[in-house]
Amino acid sequence: MNMPEIVGLFFKASLLLFFILMVVLILTLAERKALARIQQRKGPNRVGFKGILQPFADALKLLTKEDILPASANKQIFWVAPLAVFLPGFLIWVTIPLAKEVVLANLDMGLFYITAISVLSVMGLLMAGWGSANKWAMIGGLRAAGQLISYEIPFIMAILAIGILAQSFNLKEIVDDQAQWPFAIKQPLGLFIFLTAGLAELGRTPFDIHHAESEVVGGPFVEYSGAHWSVFYLAEYMNTFTIAVLTVLLFLGGWQSPVLPFSGTVQTVASLSWFLIKTALVIWVIFWIRGTYPRLRIDQLMSFGWKILVPASFINIFLTASVLYYALPHWVITVVSLGFLGATFYFIKKGSLAGNKQDTVTIINSSDIRAQLSNKAEV
Amino acid sequence: MQVHQQVSEYSDAIDLMVNMGPQHPSTHGVFRLVIWVDGERIVKVEPHIGYLHRGSEKICESEQYSQIVTLFDRLDYVGNLNNELAFCLAVEKLTETVVPERAEYIRVILCELNRIASHMLFYGVYGLDVGATTPMLYGFRERERVQELFESVTGARMMHNYIRIGGVKEDVPDDFDKNVLILLDHLKRGVDECDRLLSQNEMFLARTKGVGIITGEDALDYGVTGPALRASGVIEDVRVTDPYSIYSRFDFGIPVGSNGDCWDRYYVRVEEMRESIKIVEQAISDIPDGDISAKVRRIIRPPVGEVFVRTESPRGDLGVFLVSDGSDKPYRVKVRPPSFANLQALEYMLEDTYIADAVLVLGSIDIIMGEVDR
């Protein structure tokens, strides 16, 4: 590798980092605005026009804040942990294509690479929990380890099924394979598993158990402040974007769009914006879930993962493989998958407490009580 | 990492002791709960109170009767008017003052609205405890409407000092009736909306059903009162069973649970808001004209004697025990705060639960530390 090549790669990587940073800034504002919309308030509206400069103000504030190191913290682990969470998330982006030509390195084992790298961030959370020398942080770190490792399995299984269907681990080829039908139609069960497990991987509501504010006071991040805390924050939003992008790439047909009368560079820009619109929709769904759902308990989360998602993901992969092996038409996958999706929902419903609805509280009229009391008094 | 360790009496495992509070976001004030955990399971809890002790009861002994009302505001700072009422009722009972009809109606209307506001705060904070952020905003939106009305009537949003011995401070504004009706209209829709948002949510049910169960008998033994007691299936509401003020004139329902779990305690409060709206509706339709205060002396000197008054505050059975030695200052004021008694049952309810449940159970008792510590 000669010098210009290295410089070129360095330039590309910096561009990617800049892009990610911009996306994160936009996402923080978008989330606050979306949540505000759901909660009937305005959200940030003071800094800049309608609050669009709010994320920059926040970033500036965070960077100028004091970085506090707890007295009994394990210094090295404490300082390295944010990086250990951020880096794996960023490394994934090397192989994610945003449009046909917009990709840093189009790996043939792209999906494999993504699944392998994304697991590493668990270590960072555990390090943060341990290094902080705080009991809440430790509990949060252990929760994170349990949760992320458990949900890694259905997550990877859903991805594998896509790999089988597309006969490739190359993200570009997977998207090309969806030119006619997006995989969401062929794999509804896979989409459900992927999104649910993805939310759990992100640690977003309803799975924000490891950094639950009201239980473990922020979990692994409780002792962090200033720039180091903002790196965690950065990683969280970057991963949200990653999951949304992966959902679009694997299930919603990536940059495949209705026929557009463009060619060349215009075509690239058009498909890129088409892709980003799809991503924004998925992100909106994630925000929407955050605005409406409470949080699960850790044991409920685990039993949901192991008793429902893992079996469902195995069924999904088995179904895809057997249909391909016996060369059956693809609509068979759709139909059976929909059936199993229904079954999954049935089991979720059955396993929960929705069956015995609200009749535990009855309203007794005051006149009845008064009549009873006066009867007693007469006796 | 230094870890304080204690060998549990239940198992050979070494448990981790964690401090929940006094600086913890979901302890509803400065409450400290020491928890010994085995993994995620709670082995033992030890509540510590007293971080907000201000000696209110003692201060009462050095103030004149009319000056004490404002101290009662600061006990349960979410249900202020109900607290003011409790003290005023005690003094009125001791001095045998007859309160004018109009004042009684104004008191009931404001107290019931205060109950709604208090339960709305509970609703919002409980949403936060389970990890949903939206209920908080919804609850506070409704509470804000009530606060606005209070501001127009009493001049203050929280520390009203409006209910006085013998009546109320001043007459309500001219557009009071109209404003209350508009407010009720909003509240009805608001309560329904809040109910729809959280109550039947799958995950909310999963989190709260069957958690922190206390049976009716045990609840009575612990001295639990208010919504927490009614959720366990005991029909006990001072407004009906031992009526004060003019509550015996109104027709309303008492929501009673059957499981005594967190969800029942939560839902009893939601239903109670609906019933309070009914009371206010009845009261506003037959509020009479007339005086708003009995003729009381500027410096009140009740006869020697003692009196005990029970009222139903938003949190439960609020009792005031008043001893007079004939001077212008009480000899002793003893408050029986509902939160304090309810908090005693916490240890019982937290048996065999998870860390995450501790937050929920504590939230479902709806404690106000100002009242617990006094």
# chains A, B, ... in the order shown; residues from 1 in each chain; ligands from 1
call {"tool": "select_by_dssp", "arguments": {"residues": "segment 35-273 of chain B", "states": "strand (DSSP E)", "output": "list of chain:residue names"}}
result
B:Ile35, B:Trp36, B:Val37, B:Asp38, B:Arg41, B:Ile42, B:Val43, B:Lys44, B:Val45, B:Glu46, B:Pro47, B:His48, B:Ile163, B:Arg164, B:Gly167, B:Val168, B:Gly253, B:Ile254, B:Pro255, B:Val256
call {"tool": "write_last_selection", "arguments": {"atoms": "C-alpha atoms", "output": "short mmCIF file (atom, residue, chain, number, x, y, z; two decimals), in the first residue's frame"}}
result
data_model
loop_
_atom_site.label_atom_id
_atom_site.label_comp_id
_atom_site.auth_asym_id
_atom_site.auth_seq_id
_atom_site.Cartn_x
_atom_site.Cartn_y
_atom_site.Cartn_z
CA ILE B 35 -31.17 -3.29 50.08
CA TRP B 36 -29.24 -6.52 50.27
CA VAL B 37 -29.40 -8.23 46.93
CA ASP B 38 -28.48 -11.65 45.68
CA ARG B 41 -33.29 -10.62 43.92
CA ILE B 42 -33.89 -8.69 47.09
CA VAL B 43 -32.87 -10.57 50.20
CA LYS B 44 -33.55 -7.95 52.79
CA VAL B 45 -34.52 -4.30 52.93
CA GLU B 46 -34.11 -1.71 55.62
CA PRO B 47 -35.92 1.62 55.23
CA HIS B 48 -34.36 4.71 56.79
CA ILE B 163 -58.67 27.16 54.35
CA ARG B 164 -58.87 29.05 57.63
CA GLY B 167 -64.17 28.97 56.91
CA VAL B 168 -61.98 30.03 54.04
CA GLY B 253 -68.15 5.41 44.51
CA ILE B 254 -65.32 3.89 46.49
CA PRO B 255 -62.97 1.90 44.24
CA VAL B 256 -61.88 -1.30 45.95
#
call {"tool": "interface_residues", "arguments": {"of": "chain A", "to": "chain B", "cutoff": "6 Å", "atoms": "only C-alpha atoms", "output": "PyMOL selection string"}}
result
chain A and resi 39+133+214-215+291+293-295+353+360-366
call {"tool": "residues_around", "arguments": {"residues": "Met369 of chain B", "least_positions_apart": "3", "cutoff": "8 Å", "atoms": "only C-alpha atoms", "output": "ChimeraX atom specification"}}
result
/B:28-31,52,76,339,372-374
call {"tool": "closest_residue", "arguments": {"among": "B:Glu84, B:Asp291, B:Glu347, B:Glu104", "to": "Met158 of chain B", "atoms": "only C-alpha atoms"}}
result
B:Glu84
call {"tool": "atom_distance", "arguments": {"atom1": "atom CA of Glu101 of chain A", "atom2": "atom CA of Lys12 of chain A"}}
result
13.4 Å
call {"tool": "residues_around", "arguments": {"residues": "segment 313-323 of chain A", "least_positions_apart": "5", "cutoff": "10 Å", "atoms": "only C-alpha atoms", "output": "JSON, numbers by chain"}}
result
{"A": [153, 154, 155, 156, 157, 158, 159, 160, 161, 162, 163, 164, 165, 186, 187, 188, 189, 190, 192, 193, 194, 308, 328, 329, 330, 331, 332, 333, 334, 336, 337, 340, 341]}
call {"tool": "residues_around", "arguments": {"residues": "Pro220 of chain A", "least_positions_apart": "2", "cutoff": "6 Å", "atoms": "only C-alpha atoms", "output": "PyMOL selection string"}}
result
chain A and resi 128-129+137+140-141+222
call {"tool": "write_last_selection", "arguments": {"atoms": "N, CA and C atoms", "output": "short mmCIF file (atom, residue, chain, number, x, y, z; two decimals), in the first residue's frame"}}
result
data_model
loop_
_atom_site.label_atom_id
_atom_site.label_comp_id
_atom_site.auth_asym_id
_atom_site.auth_seq_id
_atom_site.Cartn_x
_atom_site.Cartn_y
_atom_site.Cartn_z
N ALA A 128 -17.12 -0.40 31.86
CA ALA A 128 -17.61 0.83 32.49
C ALA A 128 -18.22 0.52 33.84
N GLY A 129 -18.98 -0.56 33.90
CA GLY A 129 -19.61 -0.94 35.16
C GLY A 129 -18.59 -1.28 36.22
N ALA A 137 -23.54 0.92 39.06
CA ALA A 137 -22.89 0.74 37.76
C ALA A 137 -22.59 -0.73 37.52
N GLY A 140 -25.69 -2.54 36.71
CA GLY A 140 -26.05 -2.18 35.34
C GLY A 140 -25.19 -2.89 34.33
N GLY A 141 -23.88 -2.96 34.60
CA GLY A 141 -22.97 -3.62 33.68
C GLY A 141 -23.30 -5.09 33.53
N VAL A 222 -23.28 5.80 35.24
CA VAL A 222 -23.64 6.67 36.37
C VAL A 222 -22.50 7.57 36.83
#
call {"tool": "atom_distance", "arguments": {"atom1": "atom CA of Thr344 of chain A", "atom2": "atom CA of Val119 of chain A"}}
result
25.9 Å
